[in-house]
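What follows is the content of target-v1.cif, which has mmCIF, C-alpha atoms:
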data_target
#
loop_
_atom_site.label_atom_id
_atom_site.label_comp_id
_atom_site.auth_asym_id
_atom_site.auth_seq_id
_atom_site.Cartn_x
_atom_site.Cartn_y
_atom_site.Cartn_z
CA MET S 1 -2.75 -45.96 -70.27
CA LEU S 2 -3.43 -45.06 -66.64
CA SER S 3 -3.70 -41.41 -65.80
CA LYS S 4 -0.75 -39.92 -63.94
CA LYS S 5 -3.00 -37.45 -62.11
CA PRO S 6 -3.55 -39.56 -58.92
CA VAL S 7 0.18 -40.25 -58.70
CA LEU S 8 0.97 -36.55 -58.96
CA ILE S 9 -1.59 -35.74 -56.27
CA ILE S 10 -0.04 -38.30 -53.90
CA LEU S 11 3.47 -36.99 -54.63
CA SER S 12 2.30 -33.42 -53.98
CA ILE S 13 0.78 -34.39 -50.63
CA MET S 14 3.94 -36.27 -49.60
CA THR S 15 6.12 -33.36 -50.64
CA ALA S 16 3.95 -30.90 -48.67
CA MET S 17 4.11 -33.12 -45.60
CA PHE S 18 7.88 -33.44 -45.92
CA MET S 19 8.24 -29.68 -46.27
CA TRP S 20 5.97 -29.07 -43.25
CA VAL S 21 8.01 -31.47 -41.11
CA TYR S 22 11.24 -29.89 -42.34
CA VAL S 23 10.10 -26.33 -41.78
CA THR S 24 8.58 -26.91 -38.36
CA GLY S 25 11.63 -28.84 -37.29
CA ASN S 26 13.99 -26.10 -38.36
CA VAL S 27 11.98 -22.89 -38.07
CA ASP S 28 10.19 -23.84 -34.81
CA PRO S 29 12.32 -26.61 -33.32
CA GLU S 30 12.11 -28.19 -29.88
CA THR S 31 14.10 -26.15 -27.38
CA LYS S 32 14.71 -25.72 -23.69
CA SER S 33 15.13 -22.50 -21.78
CA LYS S 34 15.54 -21.25 -18.22
CA VAL S 35 12.66 -19.18 -16.82
CA ASN S 36 13.70 -17.02 -13.86
CA HIS S 37 11.84 -14.88 -11.33
CA ILE S 38 8.62 -16.89 -11.36
CA GLU S 39 6.33 -15.42 -8.69
CA VAL S 40 5.25 -18.00 -6.12
CA ASN S 41 1.72 -17.88 -4.70
CA LEU S 42 0.87 -19.31 -1.29
CA THR S 43 -2.01 -21.66 -0.63
CA ASN S 44 -3.66 -22.73 2.64
CA THR S 45 -2.49 -19.64 4.54
CA ASP S 46 -5.74 -19.88 6.55
CA GLU S 47 -4.48 -23.14 8.07
CA LEU S 48 -1.41 -21.26 9.34
CA ALA S 49 -3.59 -18.44 10.67
CA ASN S 50 -5.65 -20.97 12.66
CA GLN S 51 -2.40 -21.94 14.40
CA GLY S 52 -1.52 -18.31 15.15
CA LEU S 53 1.19 -18.25 12.46
CA ALA S 54 1.84 -16.32 9.23
CA VAL S 55 4.41 -16.23 6.42
CA ALA S 56 6.86 -13.34 6.72
CA ASN S 57 8.38 -13.42 3.23
CA GLY S 58 5.40 -14.43 1.10
CA GLU S 59 5.66 -11.41 -1.23
CA ASP S 60 9.35 -12.05 -1.96
CA LEU S 61 9.14 -15.69 -3.02
CA THR S 62 10.31 -16.46 -6.55
CA THR S 63 11.76 -19.51 -8.23
CA GLY S 64 13.13 -20.65 -11.58
CA VAL S 65 12.93 -23.76 -13.77
CA ILE S 66 13.95 -25.06 -17.17
CA ILE S 67 11.11 -25.70 -19.60
CA THR S 68 11.03 -27.55 -22.92
CA GLY S 69 8.75 -27.24 -25.93
CA LYS S 70 8.49 -25.64 -29.36
CA ARG S 71 10.57 -22.49 -29.50
CA SER S 72 7.56 -20.29 -30.31
CA ILE S 73 5.61 -21.62 -27.32
CA VAL S 74 8.60 -21.43 -24.97
CA ASN S 75 9.20 -17.79 -25.94
CA LYS S 76 5.54 -16.99 -25.37
CA VAL S 77 5.62 -18.64 -21.95
CA LYS S 78 8.76 -16.71 -21.00
CA SER S 79 6.98 -13.48 -21.91
CA ASN S 80 3.66 -14.23 -20.22
CA GLY S 81 4.88 -16.34 -17.31
CA PHE S 82 2.96 -19.12 -15.60
CA THR S 83 1.64 -20.11 -12.19
CA ALA S 84 3.72 -21.46 -9.32
CA THR S 85 2.27 -22.31 -5.90
CA VAL S 86 3.50 -23.47 -2.51
CA ASP S 87 1.28 -25.14 0.07
CA VAL S 88 2.12 -23.63 3.48
CA GLY S 89 -0.68 -25.34 5.41
CA LYS S 90 1.71 -27.69 7.23
CA ALA S 91 4.61 -25.25 7.64
CA LYS S 92 6.12 -24.75 11.09
CA LYS S 93 7.47 -21.67 12.87
CA GLY S 94 10.93 -20.82 11.54
CA GLU S 95 12.47 -21.69 8.15
CA ASN S 96 10.71 -24.23 5.93
CA GLN S 97 12.01 -25.69 2.67
CA LEU S 98 8.85 -26.32 0.67
CA PRO S 99 8.33 -27.73 -2.85
CA VAL S 100 6.90 -25.61 -5.63
CA GLU S 101 4.12 -26.86 -7.88
CA PHE S 102 3.84 -25.52 -11.43
CA GLU S 103 0.81 -25.18 -13.66
CA THR S 104 2.47 -25.21 -17.05
CA PRO S 105 0.73 -24.03 -20.23
CA ALA S 106 -0.10 -26.52 -22.97
CA GLY S 107 2.87 -27.35 -25.17
CA VAL S 108 5.62 -27.04 -22.54
CA SER S 109 6.89 -29.27 -19.78
CA ILE S 110 9.27 -28.92 -16.86
CA ASP S 111 12.68 -30.26 -17.87
CA ASP S 112 14.62 -29.62 -14.69
CA SER S 113 13.25 -28.58 -11.31
CA THR S 114 16.49 -28.29 -9.34
CA GLU S 115 15.39 -24.86 -8.05
CA ALA S 116 11.76 -25.82 -7.47
CA THR S 117 11.86 -25.37 -3.70
CA VAL S 118 11.67 -22.15 -1.72
CA THR S 119 12.51 -21.09 1.81
CA VAL S 120 9.39 -19.95 3.63
CA ASN S 121 9.85 -18.03 6.90
CA VAL S 122 7.00 -18.49 9.35
CA GLU S 123 6.46 -16.27 12.41
CA ASP S 124 3.85 -15.62 15.05
CA ARG S 125 0.75 -13.93 13.62
CA ILE S 126 -0.05 -10.67 15.40
CA ARG S 127 -2.46 -7.80 14.91
CA LYS S 128 -2.19 -4.04 15.19
CA SER S 129 -4.72 -1.20 15.04
CA VAL S 130 -3.41 1.48 12.66
CA PRO S 131 -4.75 4.98 11.87
CA VAL S 132 -6.12 5.67 8.40
CA LYS S 133 -4.74 8.51 6.26
CA ILE S 134 -6.53 9.71 3.12
CA VAL S 135 -4.06 10.51 0.33
CA PHE S 136 -5.31 12.70 -2.51
CA LYS S 137 -3.61 11.89 -5.82
CA ASP S 138 -2.72 14.38 -8.56
CA LYS S 139 -3.68 17.63 -6.85
CA LYS S 140 -4.23 20.37 -9.46
CA ASP S 141 -6.39 23.02 -7.78
CA SER S 142 -4.01 25.71 -6.50
CA VAL S 143 -6.76 27.63 -4.71
CA ARG S 144 -8.64 24.88 -2.87
CA GLU S 145 -7.51 21.82 -0.97
CA PRO S 146 -9.15 18.38 -1.32
CA TRP S 147 -10.01 17.18 2.17
CA ALA S 148 -11.74 14.32 3.95
CA THR S 149 -14.04 15.80 6.58
CA GLU S 150 -15.18 12.38 7.78
CA VAL S 151 -13.51 8.95 7.52
CA TRP S 152 -14.96 5.63 8.61
CA PRO S 153 -13.38 3.71 10.13
CA ASN S 154 -10.59 5.93 11.51
CA ASN S 155 -8.48 2.89 12.37
CA ILE S 156 -8.05 -0.48 10.70
CA THR S 157 -6.61 -3.64 12.22
CA VAL S 158 -3.90 -5.42 10.23
CA TYR S 159 -2.93 -9.07 10.70
CA GLY S 160 0.24 -10.81 9.63
CA ALA S 161 3.71 -12.06 10.53
CA GLU S 162 5.17 -10.22 13.51
CA SER S 163 8.13 -8.64 11.68
CA VAL S 164 5.84 -7.44 8.86
CA VAL S 165 3.14 -5.95 11.08
CA LYS S 166 5.71 -4.07 13.16
CA ARG S 167 6.82 -2.18 10.02
CA VAL S 168 3.34 -0.72 9.46
CA ALA S 169 3.21 3.03 10.17
CA GLU S 170 -0.23 3.88 8.80
CA ILE S 171 -3.02 2.76 6.52
CA ASN S 172 -3.38 4.77 3.32
CA ALA S 173 -6.46 5.16 1.16
CA ASP S 174 -5.91 6.85 -2.21
CA ILE S 175 -8.56 9.14 -3.70
CA GLU S 176 -8.21 10.88 -7.06
CA SER S 177 -8.38 14.65 -6.59
CA ARG S 178 -10.38 15.02 -9.80
CA ASN S 179 -13.23 13.20 -8.07
CA VAL S 180 -13.45 15.83 -5.30
CA GLU S 181 -15.81 18.80 -5.74
CA THR S 182 -16.83 21.85 -3.72
CA ALA S 183 -19.97 20.01 -2.66
CA ALA S 184 -19.37 17.27 -0.10
CA LYS S 185 -19.85 13.69 -1.27
CA ASN S 186 -19.10 10.18 -0.04
CA VAL S 187 -16.49 8.01 -1.75
CA LYS S 188 -15.19 4.49 -1.19
CA ALA S 189 -11.42 3.90 -1.19
CA ASP S 190 -9.39 0.68 -0.90
CA VAL S 191 -6.75 0.62 1.82
CA PHE S 192 -3.13 -0.53 1.97
CA ALA S 193 -0.47 -0.48 4.67
CA VAL S 194 2.73 1.59 4.36
CA ASP S 195 5.93 1.95 6.36
CA THR S 196 7.49 5.20 7.60
CA SER S 197 8.85 5.97 4.11
CA GLY S 198 5.43 5.53 2.46
CA THR S 199 6.34 2.21 0.80
CA GLU S 200 3.48 -0.27 0.55
CA ILE S 201 3.75 -3.35 2.75
CA LYS S 202 2.22 -6.48 1.26
CA GLY S 203 1.37 -9.85 2.74
CA LEU S 204 -1.12 -8.51 5.30
CA ALA S 205 -4.77 -9.13 6.07
CA TYR S 206 -7.19 -6.36 7.10
CA ASP S 207 -10.37 -6.32 9.16
CA LYS S 208 -11.68 -3.78 6.60
CA GLU S 209 -10.59 -3.71 2.97
CA TYR S 210 -11.83 -0.17 2.34
CA VAL S 211 -12.92 3.06 4.02
CA MET S 212 -15.78 5.47 3.36
CA ALA S 213 -14.82 9.14 3.28
CA THR S 214 -16.77 12.37 2.98
CA VAL S 215 -14.65 14.60 0.74
CA GLN S 216 -14.84 18.11 -0.66
CA LEU S 217 -12.69 21.00 -1.87
CA LEU S 218 -12.05 23.49 0.94
CA GLU S 219 -10.70 27.04 1.03
CA ARG S 220 -7.38 27.93 2.66
CA LYS S 221 -6.83 30.76 5.12
CA GLU S 222 -3.86 31.87 7.21
CA VAL S 223 -4.81 32.85 10.76
CA LYS S 224 -3.12 33.80 14.02
CA VAL S 225 -2.45 31.21 16.71
CA ASN S 226 -3.15 32.15 20.34
CA VAL S 227 -1.08 29.85 22.55
CA LYS S 228 -2.37 29.38 26.08
CA GLY S 229 -0.77 27.41 28.88
CA LYS S 230 -2.75 25.00 31.03
CA ASN S 231 -2.08 22.85 34.09
CA LEU S 232 0.66 25.20 35.29
CA ASP S 233 1.47 25.05 38.99
CA SER S 234 -0.04 28.04 40.79
CA LYS S 235 3.35 29.26 41.96
CA TYR S 236 4.34 30.05 38.36
CA ARG S 237 2.88 32.22 35.62
CA VAL S 238 3.38 32.50 31.85
CA ASP S 239 5.31 35.68 31.07
CA LYS S 240 5.84 35.43 27.31
CA VAL S 241 4.99 33.12 24.39
CA SER S 242 6.80 32.92 21.03
CA GLY S 243 7.56 30.41 18.28
CA VAL S 244 4.01 29.79 17.02
CA ASP S 245 2.51 32.76 15.19
CA THR S 246 0.27 31.75 12.27
CA VAL S 247 -1.06 28.61 10.65
CA THR S 248 -3.02 27.70 7.51
CA ILE S 249 -6.48 26.28 8.14
CA LEU S 250 -9.12 24.79 5.83
CA GLY S 251 -12.87 25.21 5.66
CA THR S 252 -15.74 26.35 3.51
CA GLN S 253 -15.82 30.02 2.56
CA ARG S 254 -18.80 30.59 4.86
CA VAL S 255 -17.03 29.05 7.87
CA LEU S 256 -13.64 30.70 7.33
CA LYS S 257 -15.21 34.14 7.02
CA LYS S 258 -15.89 34.01 10.78
CA VAL S 259 -12.44 32.73 11.83
CA ASN S 260 -9.43 35.03 12.19
CA SER S 261 -7.50 33.12 14.83
CA ILE S 262 -7.42 29.78 16.62
CA ASP S 263 -6.45 28.82 20.14
CA ALA S 264 -3.74 26.28 20.90
CA TYR S 265 -2.99 24.87 24.33
CA ALA S 266 0.35 23.91 25.85
CA ASP S 267 0.38 21.41 28.71
CA LEU S 268 2.65 22.93 31.39
CA SER S 269 2.09 20.31 34.08
CA ASP S 270 5.76 19.24 33.93
CA ILE S 271 7.12 22.75 34.59
CA GLU S 272 9.10 22.69 37.86
CA SER S 273 11.07 25.93 37.63
CA GLY S 274 11.08 29.34 35.99
CA GLY S 275 12.86 30.08 32.74
CA LEU S 276 12.38 29.25 29.07
CA ALA S 277 10.48 26.07 28.16
CA THR S 278 9.83 24.69 24.67
CA VAL S 279 6.60 22.72 24.54
CA SER S 280 4.31 21.25 21.90
CA VAL S 281 0.88 22.76 21.42
CA THR S 282 -2.52 21.23 20.65
CA PRO S 283 -4.90 23.34 18.52
CA GLU S 284 -8.56 23.78 19.39
CA LEU S 285 -10.39 24.09 16.09
CA PRO S 286 -13.89 25.53 15.63
CA TYR S 287 -16.51 23.26 14.05
CA GLY S 288 -15.96 22.93 10.30
CA VAL S 289 -12.31 24.06 10.48
CA TYR S 290 -9.48 21.66 9.67
CA LEU S 291 -5.71 21.75 9.99
CA PRO S 292 -3.73 20.26 7.05
CA GLY S 293 -0.88 18.80 9.08
CA GLU S 294 0.39 19.27 12.59
CA LEU S 295 1.52 22.52 14.15
CA LYS S 296 5.15 21.84 13.33
CA SER S 297 6.58 24.71 15.40
CA LYS S 298 6.79 24.38 19.14
CA ALA S 299 5.96 27.23 21.45
CA LYS S 300 8.69 28.87 23.48
CA ILE S 301 7.17 29.90 26.77
CA THR S 302 8.93 32.00 29.41
CA ILE S 303 7.84 30.96 32.87
CA LYS S 304 8.20 33.23 35.92
CA VAL S 305 7.50 32.72 39.57
CA ALA S 306 4.09 34.15 40.40
CA ASP S 307 4.02 37.38 42.33
#
Before we go any further, please render this structure as structure tokens.
Amino acid sequence: MLSKKPVLIILSIMTAMFMWVYVTGNVDPETKSKVNHIEVNLTNTDELANQGLAVANGEDLTTGVIITGKRSIVNKVKSNGFTATVDVGKAKKGENQLPVEFETPAGVSIDDSTEATVTVNVEDRIRKSVPVKIVFKDKKDSVREPWATEVWPNNITVYGAESVVKRVAEINADIESRNVETAAKNVKADVFAVDTSGTEIKGLAYDKEYVMATVQLLERKEVKVNVKGKNLDSKYRVDKVSGVDTVTILGTQRVLKKVNSIDAYADLSDIESGGLATVSVTPELPYGVYLPGELKSKAKITIKVAD
């Protein structure tokens, strides 16, 4: 009598295969799902730049598609996202409807690409030289002030679409305050453009990607401000000055020990009559002394006809 063992082994294997097919088909079935807000990356932007053009809305481009695959893979793709690109090398000035190309992960495919085009706005590419501002993050020292005594370069040129570049107010470079000490040292900081509200503006190119700054913790001191008029017509004289009294300055303890006041000058070249004039003032700071901010107050100067 033949042994039943081989038959049982074959039946076991067939049963296991049937169960695997059943489970995978029911527990992890084929499915389709919409993926929204896929970030679109631009390629061949250098070709546009060579034509004096740039994309204005490159940082806002998103699209959506329907993908199919095993439910577990589809869910993973929806969580991790995938790559979408648009070739803008042949785009023209104005609005362009361009197709999106997808690099889908293994195990999924694009089921429906009805939204797989985006509107790309192309404008003239311009440039603008913008001042650099060092921003110290997470200030904790209540006695001393982190400060950049030297910054190179002081200005950085940004390049991009006209409407984007015109929004740029300044170039910021962030430095962690915990990295600043009483002894001066040089640090490297990446730069980014911001608008008047301090919001970062993306989609720009820079002639320098970073700045070098000499930073240190400086002492604070409140000193008197001596406002002096200059360029006043000889037929007038300054009778009285008010409105700017004191200001907080920064420096090392050794430097500040010698400074009890600073001079500030008001340009009076536009004065054409006597009376009260409100004018802005420009401080003249001794070497090693810094002013954290502008002199916000304006001087009120009473002008009289010279005797």
(request) Determine the residue membership of the PyMOL selection byres ((chain S and resi 142) around 12) for the file above and supply it as JSON, numbers by chain. (result) {"S": [138, 139, 140, 141, 143, 144, 145, 146, 177, 217, 218, 219, 220]}
(request) For the file shown, report as number ranges by chain the outcome of the PyMOL selection byres ((chain S and resi 79-96) around 6) at residue level. (result) S: 40-44, 47-48, 76-78, 97-98, 100-103, 119-123
Go through range 141-166 of chain S residue by residue and, counting all atoms listed in the file, keep those with an atom at most 12 Å from range 197-201 of chain S; for each kept residue give the shortest atom pair and its distance in Å to one decimal, ordered by chain and increasing number, as CSV.
residue,atom,partner,partner_atom,distance
S:Val158,CA,S:Ile201,CA,10.9
S:Tyr159,CA,S:Ile201,CA,11.9
S:Gly160,CA,S:Ile201,CA,10.7
S:Ala161,CA,S:Ile201,CA,11.7
S:Ser163,CA,S:Ile201,CA,11.3
S:Val164,CA,S:Ile201,CA,7.6
S:Val165,CA,S:Ile201,CA,8.7
S:Lys166,CA,S:Ile201,CA,10.6
(message) I need the residue nearest Ile175 in chain S from this list: S:Ile156, S:Ala306, S:Ile134, S:Val194. Use all atoms listed in the file for the distance.
(response) S:Ile134
(message) Could you list, as a PyMOL selection string, every residue matched by the PyMOL selection byres ((chain S and resi 239) around 9) in this structure?
(response) chain S and resi 237-238+240-241+301-304
If you keep C-alpha atoms, can you produce a file of those selected residues as a JSON list (two decimals), in the coordinates of the input?
[["chain", "number", "residue", "atom", "x", "y", "z"],
["S", 237, "ARG", "CA", 2.88, 32.22, 35.62],
["S", 238, "VAL", "CA", 3.38, 32.50, 31.85],
["S", 240, "LYS", "CA", 5.84, 35.43, 27.31],
["S", 241, "VAL", "CA", 4.99, 33.12, 24.39],
["S", 301, "ILE", "CA", 7.17, 29.90, 26.77],
["S", 302, "THR", "CA", 8.93, 32.00, 29.41],
["S", 303, "ILE", "CA", 7.84, 30.96, 32.87],
["S", 304, "LYS", "CA", 8.20, 33.23, 35.92]]
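The interatomic distance for the pair CA of Gly275 in chain S and CA of Ser261 in chain S works out to 27.3 Å.
Here CA of Ala49 in chain S is placed at a distance of 19.3 Å from CA of Arg167 in chain S.
The interatomic distance for the pair CA of Ser242 in chain S and CA of Val289 in chain S works out to 23.6 Å.
If you measure from each of S:Lys188, S:Lys34, S:Lys258, S:Lys224 to Pro153 in chain S using all atoms listed in the file, the closest one turns out to be S:Lys188.
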Set up a box along x, y and z of the file covering all listed atoms of range 141-144 of chain S, add 8 Å on every one of the six sides, and write the centre and edge lengths in Å to one decimal, as lines of an AutoDock Vina configuration file.
center_x = -6.3
center_y = 25.3
center_z = -5.3
size_x = 20.6
size_y = 20.6
size_z = 20.9
(message) So that I can check the surroundings of Ala193 in chain S, please list as a ChimeraX atom specification every protein, DNA and RNA residue that reaches within 8 Å of it, counting only C-alpha atoms and ignoring chain neighbours fewer than 6 positions away.
(response) /S:168-172,200-202
Residue selection dump (C-alpha atoms) as a PDB file, keeping the file's coordinate frame:
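Once everything was written out, this is again06.pdb:
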ATOM      1  CA  VAL S 168       3.340  -0.720   9.460  1.00  0.00           C
ATOM      2  CA  ALA S 169       3.210   3.030  10.170  1.00  0.00           C
ATOM      3  CA  GLU S 170      -0.230   3.880   8.800  1.00  0.00           C
ATOM      4  CA  ILE S 171      -3.020   2.760   6.520  1.00  0.00           C
ATOM      5  CA  ASN S 172      -3.380   4.770   3.320  1.00  0.00           C
ATOM      6  CA  GLU S 200       3.480  -0.270   0.550  1.00  0.00           C
ATOM      7  CA  ILE S 201       3.750  -3.350   2.750  1.00  0.00           C
ATOM      8  CA  LYS S 202       2.220  -6.480   1.260  1.00  0.00           C
TER       9      LYS S 202
END
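When all atoms listed in the file are used to compute distances to His37 in chain S, the closest of the residues S:Asn57, S:Thr63, S:Ser273, S:Thr214 turns out to be S:Thr63.
Around the point (14.9, -26.4, -13.6), within 12 Å and counting only C-alpha atoms, we find these residues: S:Lys32, S:Ser33, S:Lys34, S:Val35, S:Asn36, S:Ile38, S:Thr63, S:Gly64, S:Val65, S:Ile66, S:Ile67, S:Thr68, S:Val100, S:Phe102, S:Ser109, S:Ile110, S:Asp111, S:Asp112, S:Ser113, S:Thr114, S:Glu115, S:Ala116, S:Thr117.
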Fewer than 2 positions away in the same chain doesn't count, so skip those; otherwise give me all residues within 12 Å of Lys257 in chain S, counting all atoms listed in the file, as a compact mmCIF listing (two decimals) with C-alpha atoms, in the frame of the given file.
# COMPACT_ATOMS: atom_id res chain seq x y z
CA GLU S 219 -10.70 27.04 1.03
CA ARG S 220 -7.38 27.93 2.66
CA LYS S 221 -6.83 30.76 5.12
CA GLU S 222 -3.86 31.87 7.21
CA VAL S 223 -4.81 32.85 10.76
CA ILE S 249 -6.48 26.28 8.14
CA LEU S 250 -9.12 24.79 5.83
CA GLY S 251 -12.87 25.21 5.66
CA THR S 252 -15.74 26.35 3.51
CA GLN S 253 -15.82 30.02 2.56
CA ARG S 254 -18.80 30.59 4.86
CA VAL S 255 -17.03 29.05 7.87
CA VAL S 259 -12.44 32.73 11.83
CA ASN S 260 -9.43 35.03 12.19
CA SER S 261 -7.50 33.12 14.83
CA GLY S 288 -15.96 22.93 10.30
CA VAL S 289 -12.31 24.06 10.48
(message) List as number ranges by chain the protein and nucleic acid residues near Asp267 in chain S, meaning an atom at most 9 Å away when only C-alpha atoms are counted, but skip any in the same chain fewer than 2 places from it.
(response) S: 228-232, 265, 269-270, 279-282
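Protein, DNA and RNA residues at most 9 Å from (-6.0, 3.1, -7.9), with all atoms listed in the file, are these: Asp174, Ile175, Glu176, Ala189 and Asp190 of chain S.
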Those residues you just picked out, can you put them in a file as an mmCIF file, in the frame of the given file with C-alpha atoms?
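New file out-v2.cif:
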data_model
loop_
_atom_site.group_PDB
_atom_site.id
_atom_site.type_symbol
_atom_site.label_atom_id
_atom_site.label_comp_id
_atom_site.auth_asym_id
_atom_site.auth_seq_id
_atom_site.Cartn_x
_atom_site.Cartn_y
_atom_site.Cartn_z
ATOM 1 C CA ASP S 174 -5.910 6.850 -2.210
ATOM 2 C CA ILE S 175 -8.560 9.140 -3.700
ATOM 3 C CA GLU S 176 -8.210 10.880 -7.060
ATOM 4 C CA ALA S 189 -11.420 3.900 -1.190
ATOM 5 C CA ASP S 190 -9.390 0.680 -0.900
#
(request) Kindly indicate which residue among S:Glu272, S:Glu30, S:Asp263, S:Asp245 lies nearest to Leu285 in chain S, using all atoms listed in the file for the distances. (result) S:Asp263
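Distance annotation: of S:Val225, S:Val305, S:Val247, S:Ala173, the residue with the minimal separation from Gly293 in chain S is S:Val247; atom set is all atoms listed in the file.
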